[in-house]
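What follows is one structure encoded as structure tokens, with my remarks underneath.
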Amino acid sequence: MSDDQQQQTSSDALSEVLRHWTKCCLEEDSVQSPEELQEESRTFCKYLSQSTKIVTDGNVQLETKSSHEAALARIIQDLGPAFSGEHHESRLRALHVLVGAIEGCQQTPFSNTITKLLGTFLLSHCGPIDDDGYEEDYDSMIRNVAIVGLTALAQTSSLANSDPDILEAFLMRLQFVRQGVVSRCAVPKSMKDSNDHYSYGLDSTTDMREQLSTLPRSKRALCFSLVGSGFAGIAAITDQMEKPLDDASRVNLQAELVEFARFASSCLHGESDPRCLLQLLTILHQMQISLEPYFLSTGSPDLVFPSEDLFDAVAPYYPVQFTPPPNNIHRITREGLHEALVSVLCYTNMDANAQTHSRHTMLGLSSGLFIEQLVPMEGEEPSSTLDKLEAVECLSDLLFPRDNESVCSMLDIPTLRNLWAAIKMTHDESSIGISLGGIQGENNKLLADQCRTLVSKLAFQLETASNKSLWEAFISEPILKQSQKVKQSPANTKLTIAYMACLTASGGPRTLRFCLGVGLDLLLDYLAENLSDTEDVTAAAHGIGAFFSSCQVALDRGKREGVVLHPHPLEPYAAKACQILLDAFEHESLSMSTKIGATRALQFLVLSVSKDQLEENHIERLCSFIERLFESIDAASSDMIEWNDTCCSTLGLIVGNSLLPDATSGSSGLLSCQNIRKLIKGQIFPKLQNLTTISTESTVSERYDRKALSISCACNEDISVQVIGSLLQHLSDNLGSYPIDDSCMGYCACLSYLLGNGGNLVLKAYHGNPLSSRILKILSEGVPSSSNKRASVSKLALPSTSEEAAYKYAQIQAVVVHLLPAYERKVPDGTLVAIAKAVSDIIPPLSEADNIHLYIHLPILGAALASFQRDDFVDDNAMQTDEASLQEICRTMLPGLTQYVLTNEHHSKARSAAASCIFAIFSHGIIDAEECPIMPLVQDVVNKGLTSSADHVTLSNHLNLLSLLASAAARRGLSSSNTAAEISQFFVDLAWSSSALLPFSSANEIRLDLSLFDDSRITSALEITAASLYGSILSTDAKPLMKQRLMQPCLKYVKLVYENERNQATPGNSSSTPKVGLLVMVCHVVCVLDISKMDKKSLHQMASIAVEGLSASQLFDPSTPYSPKNTSSKNLILVAILKVLSVAPWAVPAKGFLLTLATGLLQAYAVSDPALEVSTKLLALQGLEAMTHVEEAKKSIATIQPAVVSVLAAAVNHPSGLLRQAAVDVRNAWYLVE
């Protein structure tokens, strides 16, 4: 098809479509709605605007021109009757057609001619319309759709290619946007009758801000979208320009853009709707991005981007004061508004040009705003800690907009001085506020840290600024002023010292040397001149340590970055500091706090200075200092905890760093000094290592010798390998004979401490040493037995029941407990597989030797599996032992583990460890399966055991295992969620009615009936057991939604009891007592879950059951014999009631129930055993005291106050001092109730 033929076809199609649209517009009862016409027009013109490519027979490619501009012009012409008629419905429909056509052609460039035609035409429909004779609001509908059309038009790119034409394209779009907003805001009285008002080039002088604010939100949003489209159009034309505009055109455009930016900024004034505010802030930030290319350089101050106008518009909204409504269907958040606002305030890309012409910059304006938030002006309300945190973050975003980039050098000196003062004041206030503790203390700590980080980054950047006076104004001048206060009283300027030390650590080389010269030198002189027992001397000693520590941090950071400072920053102060600090350490009359400060300072000095900076006498005195540290640890006293901590940490770090591979004679560090290394390697370290293995009877709770050794191991891998290897070798040589001597137990205790506190290097050394597995083997072979015991049934050894065997078990357990810390964190994959294989090979056990083997390995395997993380584990197929992966090993040993757990003859501790292995295997997803891996175990093992149990002990074992499996299923989630819910339902039914359908057995209707036991006490005990096991399932670390699901079966019975029974009796005087199983379940739910988030009705029902159960349950019957299980249930009920009274007192019904509650609490106190149930009595007293804080309970309290006071008078004579004190507090509380 030729080009002419295609154009003819397109023209015919357009004519046909236009006839259809004209008909639809003029018909009063058109089938198509205006919106449908708009969509049809959009689709048609989108196709029409696309060019068509044709390949001829000669392989010649032709491309036809799109005819969208002619189509747009014809739409206006052919729909003329609809546009010019008096029928507003036709006019509205025709506008929808035109707007749809513009939207369809939006991706195609427009010529200036068609842009002017369409823009002028649409503007003529943006003004007020007389629609008094119509029921519909055609004025709004027509004007709105015209604004939508202008919005689409303003975003289009241009066909212009010459500078004048491009300039005209820019100006037309800007003019149409401004006139569109002004016309949409206009009311009839303010509009001219002539359409000449809308002609291109006539600038409106109408102040539309007040009129814009009176428009409804939806109409304002349309106007704001129109403003945004102007910037989108600018960006579109800019992107297609092949070269910049000539100077004249650029100047003209800059002048128009300045006015348009002011116009856009003015739209924000007075805006209060959060949706429009977010929309406008986003548009204004887009304005900054779109206009940036035209304001990076200007020839006149008048052509600078109007940052001041923009700032004046957005600044009143900082900080954002907005709390989203509860439903918040628009998803507007304070964080979103804050982010949009700060993106405008922190955009500084055009500030360099403004600074060149001495105009206001966004950097200067915004920094002043954020500083004012930190330190409000006099008379204004002080900012909260969170507001200050936000302001510091904003300052950081403003000054450091991108990684490794900074605009700090653009700040002026007055702003820098104000910034220093604000950050310093904020830092000091927040540092003091840390002592408040809790959330407020944590926020203050975070604020202080951020202040130090910000000031350090600023100092570092200003060091490299070409204007050196900036660094002097921000660092040099204020620090010199502050140093005068430090010189007068270091104790009163601790925060200033900390601030200067922070600058030393992170402020850059120049700041580092300056702060040392001003702060460190000053403190050294003060300490040298005032060696007396005062707070100032103590503060000076601690401050010196802070400077040395900060200097080391700076040097370490520089080393990581490949920077070495020369000369060493501490070179001028090392000898002087060493002399003064050693004098302070050796001074007998100084306080312990001062000595602690001097010791810490010496620690940092030893670790940071070079040996060439000290004289020989200093080295000798430092050796004596190290010896004194060891002596202090050896003679540690329980009343000098801080001193002991300081000595052991200092000695540990010195020992650890002195034995590092790089601390050799070729190194320049102080610890490479031959005298110090000889002392540590030849005397201190061997003595320390020997001391840690000796068992002592000291009254000091902490083993500071072991703590020092663990610190050394944590910073030196070689020491870790040496120490752990030595301990393991000793155990390997001496274990295996019984009884285990005290020296072995001392080595075990030392090893346990190091494994728990020595860090990853110690764990690596332990697992990397083959002796760690050999020790387990030695322990397993501790009982003499045949080497091939499992090879022949005739050689089976029966489990020993002698006292000797029991003693050996206890000794083995003592050793295993010390080894467990090595397996409670991430265990190497090979080690984990080996341990699992060692257990899998011999479970179930066939001999006494197997039992000992499991007694040793099961706790270790349980700890290792509990620390298992699937994401960190090597692929199972790659990690194989005897061709079996970890998953396969665990799957294989599960039946044996289950049988072991259910067999009473095995040791209880080993059975508990086996149970923990089962839980970890399922809950940590070690067995990876799409279907629930727990269900088969429940069906094939547990259910069969429940139905075949001959006694209540065996039945309890199976119930306990079932509860553990449900807990693992709840934690695993996914396909196991239904398993957890099914088992939970079983326990709830069992606790409720003593009979329940077994899990997953609905097809066979197999039930467990507790009433088959002849003894009712056993039945009642098993009901309580079922309820308690349900509570243990709820207490699992499962997801909140999972817990909500598990709670539902209990709530079903709670609702049933409350509605069917409680409503039949007088409140507080129920005719029936809650079943003990339901009572225990309810109390578990209350204790485990967050009742503050529970629905009020359910909590009210549960509280009623708990209160009535307290007064009527058989558990509180004086004739019920004492048992630990009953005591636990009593305490559970009292704890649940106490939690309700403390967290949700409104849940306890006021009428009748409060009197019942008080009576029940008194009864619980009275019937509790004075010697064995002190905890029960204490909980009852706490409940009585909590009642005095419930407003509705005061009337009930007045009724029974004499009886309560009488009972409490007797409690004052109880042997327990804690109980006597509690009774006095409760009695006073009841006396004071009005």
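In the structure tokens, chains take the letters A, B, ... in the order shown, each chain's residues start at 1, and ligands count up from 1 in the order shown.
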- Would you please give, as an NGL selection string, all residues of range 551-670 of chain A that DSSP assigns to alpha helix (DSSP H) based on the backbone? :A and (551-560 or 574-586 or 592-608 or 616-634 or 641-658)
- Considering only C-alpha atoms, return as an MDAnalysis selection string whatever protein or nucleic-acid residues lie within 8 Å of Val1086 in chain A, sequence-local ones (same chain, fewer than 3 positions apart) excluded. chainID A and resid 1082:1083 1089:1091 1102 1136 1139:1140
For N, CA and C atoms, I'd like the residues from the last selection saved as a PDB file, in the first residue's frame.
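In the end it all went to selection.pdb:
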```
ATOM      1  N   VAL A1082      -7.353 -21.517  80.547  1.00  0.00           N
ATOM      2  CA  VAL A1082      -7.622 -20.075  80.474  1.00  0.00           C
ATOM      3  C   VAL A1082      -6.461 -19.287  81.068  1.00  0.00           C
ATOM      4  N   CYS A1083      -5.958 -19.754  82.210  1.00  0.00           N
ATOM      5  CA  CYS A1083      -4.864 -19.028  82.853  1.00  0.00           C
ATOM      6  C   CYS A1083      -3.584 -19.090  82.024  1.00  0.00           C
ATOM      7  N   LEU A1089      -0.147 -14.981  76.301  1.00  0.00           N
ATOM      8  CA  LEU A1089      -0.427 -14.053  75.209  1.00  0.00           C
ATOM      9  C   LEU A1089      -0.468 -12.608  75.698  1.00  0.00           C
ATOM     10  N   ASP A1090      -0.404 -11.709  74.739  1.00  0.00           N
ATOM     11  CA  ASP A1090      -0.471 -10.269  75.035  1.00  0.00           C
ATOM     12  C   ASP A1090      -1.940  -9.880  75.167  1.00  0.00           C
ATOM     13  N   ILE A1091      -2.423  -9.801  76.408  1.00  0.00           N
ATOM     14  CA  ILE A1091      -3.853  -9.548  76.609  1.00  0.00           C
ATOM     15  C   ILE A1091      -4.241  -8.117  76.299  1.00  0.00           C
ATOM     16  N   MET A1102     -12.737 -14.711  80.032  1.00  0.00           N
ATOM     17  CA  MET A1102     -11.665 -15.480  80.670  1.00  0.00           C
ATOM     18  C   MET A1102     -11.389 -14.976  82.079  1.00  0.00           C
ATOM     19  N   ALA A1136      -2.176 -15.294  86.585  1.00  0.00           N
ATOM     20  CA  ALA A1136      -3.107 -14.839  85.544  1.00  0.00           C
ATOM     21  C   ALA A1136      -3.985 -13.709  86.057  1.00  0.00           C
ATOM     22  N   LYS A1139      -1.964 -10.559  86.429  1.00  0.00           N
ATOM     23  CA  LYS A1139      -1.698  -9.931  85.129  1.00  0.00           C
ATOM     24  C   LYS A1139      -2.921  -9.165  84.637  1.00  0.00           C
ATOM     25  N   VAL A1140      -4.109  -9.748  84.808  1.00  0.00           N
ATOM     26  CA  VAL A1140      -5.333  -9.054  84.378  1.00  0.00           C
ATOM     27  C   VAL A1140      -5.522  -7.776  85.181  1.00  0.00           C
TER      28      VAL A1140
END
```
- Message: Between A:His68, A:His730, A:Arg262, A:Arg91, which residue has the minimum interatomic distance to Pro109 in chain A, considering only C-alpha atoms?
- Response: A:His68
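The smallest atom-to-atom distance between Thr496 in chain A and any of A:Ser638, A:Ser649, A:Ser229, A:Gln482, using only C-alpha atoms, is found for A:Gln482.
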- Item | Atom pair CA of Pro216 in chain A / CA of Glu271 in chain A: separation (Å) |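 Atom-to-atom, CA of Pro216 in chain A and CA of Glu271 in chain A are spaced 11.5 Å apart.
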- Message: So the first atom is CA of Tyr855 in chain A and the second is CA of Ser772 in chain A; what is the distance between them in Å, to one decimal place?
- Response: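 CA of Ser772 in chain A lies 16.8 Å from CA of Tyr855 in chain A.
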- Message: My list of candidates is A:Pro1215, A:Gly228, A:Pro274, A:Gly100. Which is closest to Ala1171 in chain A when distances are computed with only C-alpha atoms?
- Response: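 Using only C-alpha atoms, the shortest distance to Ala1171 in chain A belongs to A:Pro1215.
Closest approach to Val392 in chain A among A:Ala577, A:Ala814, A:Ala1038, A:Leu454 is made by A:Leu454 (distances from only C-alpha atoms).
Of the residues under consideration (A:Gln484, A:Gln211, A:Asn1060, A:Gln811), A:Gln484 shows the shortest atom-to-atom contact distance to Gly519 in chain A when counting only C-alpha atoms.
Nearest-residue note for Pro376 in chain A: choosing from A:Met425, A:Val342, A:Leu523, A:Ile1024, the minimum distance belongs to A:Met425, counting only C-alpha atoms.
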- Near-Met1187 in chain A list (9 Å; only C-alpha atoms; drop same-chain fewer than 2 positions) as a list in words: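 Selected residues are Leu1138, Leu1141, Ser1142, Pro1145, Leu1154, Leu1157, Ala1158, Gln1182, Gly1183, Leu1184, Glu1185, His1189, Val1190, Glu1191, Ala1193, Lys1194 and Ile1197 of chain A.
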Just-selected residues, N, CA and C atoms written as an mmCIF file, in the first residue's frame:
```cif
data_model
loop_
_atom_site.group_PDB
_atom_site.id
_atom_site.type_symbol
_atom_site.label_atom_id
_atom_site.label_comp_id
_atom_site.auth_asym_id
_atom_site.auth_seq_id
_atom_site.Cartn_x
_atom_site.Cartn_y
_atom_site.Cartn_z
ATOM 1 N N LEU A 1138 -3.349 -11.707 88.593
ATOM 2 C CA LEU A 1138 -2.496 -10.539 88.825
ATOM 3 C C LEU A 1138 -2.193 -9.814 87.516
ATOM 4 N N LEU A 1141 -5.317 -7.837 86.500
ATOM 5 C CA LEU A 1141 -5.479 -6.645 87.340
ATOM 6 C C LEU A 1141 -4.470 -5.560 86.982
ATOM 7 N N SER A 1142 -3.293 -5.956 86.544
ATOM 8 C CA SER A 1142 -2.251 -4.983 86.240
ATOM 9 C C SER A 1142 -2.366 -4.407 84.841
ATOM 10 N N PRO A 1145 -7.446 -4.125 84.041
ATOM 11 C CA PRO A 1145 -8.359 -4.262 85.186
ATOM 12 C C PRO A 1145 -9.828 -4.148 84.807
ATOM 13 N N LEU A 1154 -15.747 -8.651 92.035
ATOM 14 C CA LEU A 1154 -14.647 -8.088 92.804
ATOM 15 C C LEU A 1154 -14.667 -8.602 94.238
ATOM 16 N N LEU A 1157 -13.404 -12.030 94.040
ATOM 17 C CA LEU A 1157 -11.959 -12.016 93.839
ATOM 18 C C LEU A 1157 -11.230 -11.812 95.161
ATOM 19 N N ALA A 1158 -11.662 -10.834 95.943
ATOM 20 C CA ALA A 1158 -11.004 -10.575 97.225
ATOM 21 C C ALA A 1158 -11.113 -11.786 98.151
ATOM 22 N N GLN A 1182 0.121 -9.997 96.436
ATOM 23 C CA GLN A 1182 0.276 -9.071 95.310
ATOM 24 C C GLN A 1182 -1.066 -8.814 94.628
ATOM 25 N N GLY A 1183 -1.892 -9.860 94.535
ATOM 26 C CA GLY A 1183 -3.228 -9.677 93.961
ATOM 27 C C GLY A 1183 -4.086 -8.754 94.799
ATOM 28 N N LEU A 1184 -4.012 -8.892 96.118
ATOM 29 C CA LEU A 1184 -4.779 -7.998 96.999
ATOM 30 C C LEU A 1184 -4.316 -6.552 96.864
ATOM 31 N N GLU A 1185 -3.004 -6.366 96.737
ATOM 32 C CA GLU A 1185 -2.510 -4.993 96.551
ATOM 33 C C GLU A 1185 -2.929 -4.421 95.206
ATOM 34 N N HIS A 1189 -5.717 -0.662 93.297
ATOM 35 C CA HIS A 1189 -5.508 0.286 92.194
ATOM 36 C C HIS A 1189 -6.652 0.252 91.185
ATOM 37 N N VAL A 1190 -7.641 -0.626 91.408
ATOM 38 C CA VAL A 1190 -8.790 -0.723 90.515
ATOM 39 C C VAL A 1190 -9.906 0.157 91.080
ATOM 40 N N GLU A 1191 -10.293 1.164 90.331
ATOM 41 C CA GLU A 1191 -11.264 2.140 90.825
ATOM 42 C C GLU A 1191 -12.577 1.470 91.200
ATOM 43 N N ALA A 1193 -13.091 -1.382 92.320
ATOM 44 C CA ALA A 1193 -12.995 -2.332 93.432
ATOM 45 C C ALA A 1193 -13.064 -1.672 94.794
ATOM 46 N N LYS A 1194 -13.033 -0.366 94.847
ATOM 47 C CA LYS A 1194 -12.938 0.309 96.136
ATOM 48 C C LYS A 1194 -14.170 0.089 97.005
ATOM 49 N N ILE A 1197 -13.767 -3.289 98.473
ATOM 50 C CA ILE A 1197 -12.700 -3.249 99.473
ATOM 51 C C ILE A 1197 -13.223 -2.738 100.803
#
```
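Every protein or nucleic acid residue with an atom no more than 12 Å from Lys487 in chain A, counting only C-alpha atoms and leaving out same-chain residues fewer than 3 positions away, appears here: Leu480, Lys481, Gln482, Ser483, Gln484, Pro490, Ala491, Asn492, Thr493, Lys494, Thr496, Ile497, Val518, Gly519, Leu520, Asp521, Leu522, Leu523, Leu524, Asp525, Tyr526, Leu527, Glu529, Asn530, Asp536, Val537, Ala539 and Ala540 of chain A.
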- For Ser589 in chain A, please output as number ranges by chain all residues within 7 Å (counting only C-alpha atoms; exclusion window: fewer than 2 positions along the same chain). A: 533, 587, 591
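Note that the spacing between CA of Leu861 in chain A and CA of Asn757 in chain A amounts to 20.8 Å.
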- Item | Contact residues around range 983-985 of chain A with only C-alpha atoms at 7 Å, ignoring same-chain residues under 4 positions, as a ChimeraX atom specification | /A:966,979,989,999,1030,1046,1049
